[in-house]
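Trainee: This is the structure, below, for whatever I ask next.
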Amino acid sequence: MLTILFDGVAYGMLLFILACGLTVTLGLMNFINLAHGAFAMAGGYVTVVMMNRYGISFYWCLPAAFIASALIGLVLERTLYQWLYQVSHLDQVLFSIGIVFMAVAATDYFMGGQQQLINLPPELSGRMDVFGVGVGRYRLFTIVVCAALALALQLILSKTRFGSRLRAAVDDRRVAMGLGINVPLVFALTFAFGSGLAGLGGAMGAEILGLDPNFPLKFMIYFLIVVSVGGTSTVSGPFLAAMLLGIADVAGKYYVPAIGPFVIYALMIVMLIVRPNGLFSRGSR
Amino acid sequence: MITRRTLMTVAGFAFSAVVALPATAQEVVKIGLVLPMTGPFASTGRQVEAGVKAYIALNGESVAGKKIEVVLRDDAGVADQTRRIAQELVVNDGVKLLMGFGLTPLAMSVAPVLNQAKVPAIITSATTSAIMPQSQYFVRTSMAGPQSAVPVATWAVQNNLKRVVTLVSDYGPGIDIEKGFTNQFKKDGGTIVEAVRVPLANPDFAPFLQRVRDSKPDAVFVFVPSGVGSLFMKQFVERGLAEAGIKLIGTGDITDDDLLNGIGPAAKGVITGHFYSALHDSPENKAFVEQMKKANKGMRPNFMSVGGYDAMHLAYESLKKTNGATDGAKLVDVMKGMSWTSPRGPITIDPDTRDIVQDIYMREVKEVNGELYNVEFATYPKIKDPNAAAK
């Protein structure tokens with residue numbers, strides 16, 4: 001029972017790290033970026049290449065995945081995304097889904113279509129007993145890292161100057177610019193940070209979720225569920241939503257395997273009927 | 001302005017060109033190879049293509065006085081594309097024989113084309129029992145339904161694994177294999193503790209594995225497609241099922257030769273039943289493996305590529321028997337009952353079902369010369385598709 005809860009939390013944490021970048025772009029920058037999963041995939045492949053081709057330690061791969069994805073995000077934001085902030089949502093969707101297909105095809109061409117595997121350092125593999133509950137070491141590691149990140153993210157957004165600039169830029173772009181805030185820079189950094197988080201999520205998820213060129217398409221639905229259930233105006237909303245979905249998904253598959261895969265969708269429908277604007281919405285926009 | 005007459009003339013020329021083509025290119029027999037070369041099943045396509053090419057490299061480009069030309073087309077794993085491509089190949093390219101078909105629905109979709117055009121199709125990959133009755137023109141060189149699962153059931157009972165949980169992917173081949181294993185296992189006196197079906201697009205096996213662990217069986221019998229199979233193996237170890245005394249047995253899909261080294265030490269000691277191991281000890285297999293590695297940057301052949309290799313063999317041998325005649329019904333007729341020694345071992349095309357009859361080997365994953373291999377230790381000869389035999 002507790003093991004299931006634990007697995008669910010680990011899964012939820014992973015979903016959160018993968019999806020929270022999307023919360024940032026969607027909620028704060030009001031940009032629908034379906035290509036989010038492509039950044040996560042980039043992080044995953046950076047890890048795979050570093051570990052399997054160059055034998056670099058897993059711990060170094062995680063920050064590298066973050067930085068690589070953030071850089072890719074930064075470059076794409078400056079060259080492509082920034083022209084699309086003002087266009088309609090449909091155009092944004094078409095543009096970003098196009099990027100997804102290009103990323104899938106490019107990855108397939110360069111890396112091949114097979115499932116990529118990494119070998120974790122021995123201290124992270126296997127499981128141990130904590131007060132009689134079987135706990136996977138890697139899952140524990142995932143929970144710790146993701147929880148720390150979630151906390152840091154919340155603090156950055158609510159307590160730092162950068163956070164308030166970002167919120168100001170989102171609420172009223174013109175006034176913020178008039179006050180001397182460099183809005184394009186803030187947006188670019190935010191976008192890069194969100195992409196970096198996705199990359200980190202992809203790197204950490206390679207062991208649990210797998211990694212192949214279809215990763216962005218396979219998990220797009222999960223990201224969108226997390227963001228739509230959690231709402232896009234806070235960090236805590238998607239965090240709780242990701243937890244809830246992770247636990248519900250794992251528990252559903254454990255207790256009622258026959259209908260397990262549907263639990264997560266049923267939950268989403270119920271949540272959206274009860275709270276159409278997300279768990280912690282500030283009311284409708 | 002283009003009048004109706006000019007159009008007619010152009011069409012007339014085009015038509016006569018098509019008619020004239022076979023006369024000028026008399027010596028060429030075209031084989032259409034339809035495979036998923038992109039998309040999630042691209043690795044299947046690559047392996048089969050490599051197997052086909054290996055056969056041509058080893059046996060020459062012509063047979064019975066005809067030059068063989070293989071036309072490779074990508075269906076990306078989408079059934080309506082497969083059907084459209086098959087139709088184009090037959091109608092426009094004048095293909096006399098079709099080959100490939102990565103998945104059951106893809107193979108199913110071409111059945112009407114075959115029936116109408118009377119063109120034989122050799123299935124190199126798709127495995128479900130339900131395909132073969134769809135058309136008299138299907139012949140198979142991959143695997144017949146749950147063929148590889150049956151000996152695993154017998155072996156498990158003989159080795160005192162009497163309480164087993166089955167865990168299969170919830171789609172055609174998975175359900176076929178679950179049925180094949182369960183029937184044989186019960187017949188031999190074993191008990192199925194629980195039958196778990198996992199959704200095909202399943203990112204995390206954790207809850208299912210925990211369920212298996214909590215029901216404390218002697219062993220868990222697993223079939224999942226080879227890509228996610230490797231992921232499954234890692235999670236199996238991570239969850240400590242091996243330490244809990246639960247043995248992992250399954251069909252060879254989880255220890256795919258192509259991915260085995262990527263899974264790493266976790267795979268060691270896993271027992272599977274399957275029709276092909278790259279380590280199979282025979283001169284035919286040595287030549288095949290060597291050719292595959294030479295032509296594909298050291299890629300190790302897996303059970304998919306051997307399906308492609310044998311499909312080419314079947315095509316060559318049947319053309320020899322018909323002296324190069326390409327009449328569809330005739331080709332299928334001579335294929336029936338054909339036997340030969342494939343890199344995997346002796347195989348036969350069943351004259352009644354046009355399906356493959358082959359030896360299934362029990363293998364254990366071991367380290368050989370610093371690489372992981374499926375080492376064969378027992379042979380169950382001449383296994384037929386148990387689902388078809390039951391009818």
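Residue numbering restarts at 1 in every chain; chains get A, B, ... in the order shown in the structure tokens, and ligands count up from 1 in that same order.
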Residues of chain B within 8 Å of chain A, counting only C-alpha atoms - could you list those as an mmCIF file with C-alpha atoms, in the first residue's frame?

Mentor:
data_model
loop_
_atom_site.group_PDB
_atom_site.id
_atom_site.type_symbol
_atom_site.label_atom_id
_atom_site.label_comp_id
_atom_site.auth_asym_id
_atom_site.auth_seq_id
_atom_site.Cartn_x
_atom_site.Cartn_y
_atom_site.Cartn_z
ATOM 1 C CA THR B 38 10.106 5.454 -39.683
ATOM 2 C CA GLY B 39 7.987 5.864 -36.593
ATOM 3 C CA PRO B 40 7.953 3.810 -33.404
ATOM 4 C CA PHE B 41 8.539 0.490 -35.171
ATOM 5 C CA ALA B 42 11.424 1.658 -37.317
ATOM 6 C CA SER B 43 13.848 -0.761 -35.691
ATOM 7 C CA VAL B 196 -2.165 -9.049 -15.896
ATOM 8 C CA ARG B 197 -2.601 -7.122 -19.121
ATOM 9 C CA VAL B 198 -0.613 -3.957 -19.557
ATOM 10 C CA PRO B 199 -1.707 -1.181 -21.922
ATOM 11 C CA ALA B 201 1.377 2.638 -24.543
ATOM 12 C CA PRO B 203 5.200 4.526 -19.671
ATOM 13 C CA ASP B 204 5.668 3.053 -16.200
ATOM 14 C CA ALA B 206 5.725 0.063 -11.522
ATOM 15 C CA PRO B 207 2.136 -0.660 -10.457
ATOM 16 C CA PHE B 208 1.909 -3.849 -12.521
ATOM 17 C CA GLN B 210 4.164 -4.389 -7.658
ATOM 18 C CA ARG B 211 1.000 -6.383 -8.250
ATOM 19 C CA GLY B 227 11.351 -1.895 -27.345
ATOM 20 C CA VAL B 228 9.481 -1.494 -24.069
ATOM 21 C CA SER B 230 14.100 -3.624 -22.263
ATOM 22 C CA LEU B 231 12.521 -0.972 -20.068
ATOM 23 C CA GLN B 235 12.193 -2.064 -13.748
ATOM 24 C CA VAL B 237 15.319 -5.650 -11.374
ATOM 25 C CA GLU B 238 14.827 -2.279 -9.714
ATOM 26 C CA ARG B 239 11.734 -3.543 -7.952
ATOM 27 C CA GLY B 240 13.694 -6.433 -6.506
ATOM 28 C CA GLY B 262 21.815 -2.029 -23.702
ATOM 29 C CA ILE B 263 19.816 -3.700 -20.934
ATOM 30 C CA GLY B 264 23.050 -4.621 -19.241
#

Trainee: Neighbouring residues of B:Asp80 were defined as those with any atom within 8 Å, considering only C-alpha atoms; residues of the same chain fewer than 3 positions away were excluded. Please report them as a ChimeraX atom specification.

Mentor: /B:83-84,106,109

Trainee: Give me every strand (DSSP E or B) residue in stretch 203-256 of chain B, going by DSSP on the backbone, as a PDB file with N, CA and C atoms, in the first residue's frame.

Mentor:
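Here's the written file result.pdb:
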ATOM      1  N   ALA B 219       7.070 -17.629 -10.615  1.00  0.00           N
ATOM      2  CA  ALA B 219       7.675 -16.962 -11.757  1.00  0.00           C
ATOM      3  C   ALA B 219       6.648 -16.054 -12.401  1.00  0.00           C
ATOM      4  N   VAL B 220       7.141 -15.089 -13.169  1.00  0.00           N
ATOM      5  CA  VAL B 220       6.237 -14.269 -13.965  1.00  0.00           C
ATOM      6  C   VAL B 220       6.589 -14.496 -15.434  1.00  0.00           C
ATOM      7  N   PHE B 221       5.540 -14.801 -16.213  1.00  0.00           N
ATOM      8  CA  PHE B 221       5.735 -15.010 -17.647  1.00  0.00           C
ATOM      9  C   PHE B 221       5.392 -13.715 -18.369  1.00  0.00           C
ATOM     10  N   VAL B 222       6.314 -13.234 -19.187  1.00  0.00           N
ATOM     11  CA  VAL B 222       6.154 -11.900 -19.746  1.00  0.00           C
ATOM     12  C   VAL B 222       6.207 -11.901 -21.264  1.00  0.00           C
ATOM     13  N   PHE B 223       5.260 -11.201 -21.869  1.00  0.00           N
ATOM     14  CA  PHE B 223       5.428 -10.821 -23.265  1.00  0.00           C
ATOM     15  C   PHE B 223       5.112  -9.336 -23.399  1.00  0.00           C
ATOM     16  N   LYS B 247      11.013 -15.682 -10.507  1.00  0.00           N
ATOM     17  CA  LYS B 247      11.820 -15.835 -11.715  1.00  0.00           C
ATOM     18  C   LYS B 247      11.146 -15.151 -12.892  1.00  0.00           C
ATOM     19  N   LEU B 248      11.953 -14.633 -13.776  1.00  0.00           N
ATOM     20  CA  LEU B 248      11.409 -13.993 -14.973  1.00  0.00           C
ATOM     21  C   LEU B 248      11.561 -14.943 -16.147  1.00  0.00           C
ATOM     22  N   ILE B 249      10.431 -15.339 -16.737  1.00  0.00           N
ATOM     23  CA  ILE B 249      10.480 -16.151 -17.953  1.00  0.00           C
ATOM     24  C   ILE B 249       9.630 -15.455 -19.008  1.00  0.00           C
ATOM     25  N   GLY B 250       9.873 -15.767 -20.256  1.00  0.00           N
ATOM     26  CA  GLY B 250       9.079 -15.097 -21.276  1.00  0.00           C
ATOM     27  C   GLY B 250       9.450 -15.539 -22.666  1.00  0.00           C
ATOM     28  N   THR B 251       8.875 -14.843 -23.645  1.00  0.00           N
ATOM     29  CA  THR B 251       9.278 -15.087 -25.020  1.00  0.00           C
ATOM     30  C   THR B 251      10.500 -14.205 -25.295  1.00  0.00           C
TER      31      THR B 251
END

Trainee: Do a neighbour search on A:Met13 at 8 Å with only C-alpha atoms, toss out local chain neighbours closer than 6 positions, and write the hits as a ChimeraX atom specification.

Mentor: /A:142-143,146-147,239,242-243,246

Trainee: Please, what distance in Å, to one decimal, runs between atom CA of B:Gly269 and atom CA of B:Lys366?

Mentor: 6.5 Å

Trainee: For a test of reading the model, state the distance in Å between atom CA of A:Gly44 and atom CA of B:Ala266, rounded to one decimal.

Mentor: 21.0 Å

Trainee: Please identify all polymer residues within 10 Å of A:Ala19, counting only C-alpha atoms, omitting same-chain residues fewer than 6 positions from it, and present them as a list of chain:residue names.

Mentor: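 In the requested format, the answer is A:Met13, A:His36, A:Gly37, A:Ala40, A:Gly194, A:Ser195, A:Leu197, A:Ala198, A:Gly201, A:Phe219, A:Met220, A:Tyr222, A:Phe223, A:Leu224, A:Ile225, A:Val226, A:Val227, A:Pro238, A:Phe239, A:Ala242.
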
Trainee: Mind dumping the selected residues with C-alpha atoms as an mmCIF file, in the first residue's frame?

Mentor:
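part11.cif was written with the following content:
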data_model
loop_
_atom_site.group_PDB
_atom_site.id
_atom_site.type_symbol
_atom_site.label_atom_id
_atom_site.label_comp_id
_atom_site.auth_asym_id
_atom_site.auth_seq_id
_atom_site.Cartn_x
_atom_site.Cartn_y
_atom_site.Cartn_z
ATOM 1 C CA MET A 13 7.135 14.337 -9.201
ATOM 2 C CA HIS A 36 7.622 21.236 -24.725
ATOM 3 C CA GLY A 37 8.157 17.496 -24.818
ATOM 4 C CA ALA A 40 12.470 17.056 -22.528
ATOM 5 C CA GLY A 194 11.311 26.149 -18.568
ATOM 6 C CA SER A 195 12.994 24.235 -21.375
ATOM 7 C CA LEU A 197 13.527 21.942 -16.505
ATOM 8 C CA ALA A 198 11.930 19.841 -19.212
ATOM 9 C CA GLY A 201 12.837 15.863 -16.475
ATOM 10 C CA PHE A 219 3.802 12.446 -23.168
ATOM 11 C CA MET A 220 2.197 15.553 -24.593
ATOM 12 C CA TYR A 222 0.227 13.921 -19.752
ATOM 13 C CA PHE A 223 1.767 17.397 -19.759
ATOM 14 C CA LEU A 224 -1.462 18.923 -20.920
ATOM 15 C CA ILE A 225 -3.483 17.045 -18.312
ATOM 16 C CA VAL A 226 -1.195 18.267 -15.556
ATOM 17 C CA VAL A 227 -1.371 21.834 -16.750
ATOM 18 C CA PRO A 238 0.324 21.906 -11.306
ATOM 19 C CA PHE A 239 2.443 20.429 -8.532
ATOM 20 C CA ALA A 242 0.895 16.107 -10.944
#

Trainee: Got a sec: who's within 10 Å of B:Glu371, counting only C-alpha atoms, leaving out chain neighbours fewer than 2 positions off, as a PDB file with N, CA and C atoms, in the first residue's frame?

Mentor:
ATOM      1  N   LEU B 260      19.881  -6.292 -26.239  1.00  0.00           N
ATOM      2  CA  LEU B 260      20.301  -7.021 -25.049  1.00  0.00           C
ATOM      3  C   LEU B 260      21.467  -6.356 -24.332  1.00  0.00           C
ATOM      4  N   ASN B 261      22.460  -5.911 -25.092  1.00  0.00           N
ATOM      5  CA  ASN B 261      23.612  -5.293 -24.442  1.00  0.00           C
ATOM      6  C   ASN B 261      23.264  -3.980 -23.767  1.00  0.00           C
ATOM      7  N   GLY B 264      21.971  -4.479 -20.205  1.00  0.00           N
ATOM      8  CA  GLY B 264      23.050  -4.621 -19.241  1.00  0.00           C
ATOM      9  C   GLY B 264      22.892  -5.843 -18.362  1.00  0.00           C
ATOM     10  N   PRO B 265      23.658  -5.890 -17.280  1.00  0.00           N
ATOM     11  CA  PRO B 265      23.730  -7.082 -16.433  1.00  0.00           C
ATOM     12  C   PRO B 265      22.373  -7.506 -15.889  1.00  0.00           C
ATOM     13  N   LYS B 366      23.474 -15.029 -20.968  1.00  0.00           N
ATOM     14  CA  LYS B 366      24.791 -15.197 -20.358  1.00  0.00           C
ATOM     15  C   LYS B 366      25.783 -14.284 -21.053  1.00  0.00           C
ATOM     16  N   GLU B 367      26.905 -14.060 -20.375  1.00  0.00           N
ATOM     17  CA  GLU B 367      27.939 -13.256 -20.984  1.00  0.00           C
ATOM     18  C   GLU B 367      28.857 -14.165 -21.786  1.00  0.00           C
ATOM     19  N   VAL B 368      29.037 -13.839 -23.076  1.00  0.00           N
ATOM     20  CA  VAL B 368      29.922 -14.613 -23.931  1.00  0.00           C
ATOM     21  C   VAL B 368      30.867 -13.626 -24.610  1.00  0.00           C
ATOM     22  N   ASN B 369      32.158 -13.783 -24.408  1.00  0.00           N
ATOM     23  CA  ASN B 369      33.160 -12.869 -24.972  1.00  0.00           C
ATOM     24  C   ASN B 369      32.848 -11.406 -24.658  1.00  0.00           C
ATOM     25  N   TYR B 373      24.437 -12.581 -24.521  1.00  0.00           N
ATOM     26  CA  TYR B 373      23.793 -13.369 -25.580  1.00  0.00           C
ATOM     27  C   TYR B 373      22.727 -14.259 -24.972  1.00  0.00           C
TER      28      TYR B 373
END

Trainee: Quick one: residues within 9 Å of stretch 150-165 of chain A, only C-alpha atoms counted, chain neighbours fewer than 2 positions away excluded, as an MDAnalysis selection string?

Mentor: chainID A and resid 13 16:17 20 145:148 167:170 176 181:183 186 234:236 239

Trainee: Would you mind listing what lies within 10 Å of stretch 341-344 of chain B as a list in words, with only C-alpha atoms counted and same-chain residues fewer than 5 positions away left out?

Mentor: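 Listing them by chain and then by number gives His274, Phe275, Tyr276, Ser277, Ala278, Leu279, His280, Asp281, Ser282, Pro283, Glu284, Asn285, Lys286, Ala287, Phe288, Val289, Phe303, Val306, Gly307, Tyr309, Asp310, His313, Gln358, Asp359, Ile360 and Tyr361 of chain B.
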
Trainee: Using backbone DSSP assignments, extract all helix (DSSP H, G or I) residues from stretch 52-259 of chain A; output them as a PyMOL selection string.

Mentor: chain A and resi 52-54+58-79+81-84+89-111+122-124+137-159+161-171+173-178+183-205+215-230+236-255
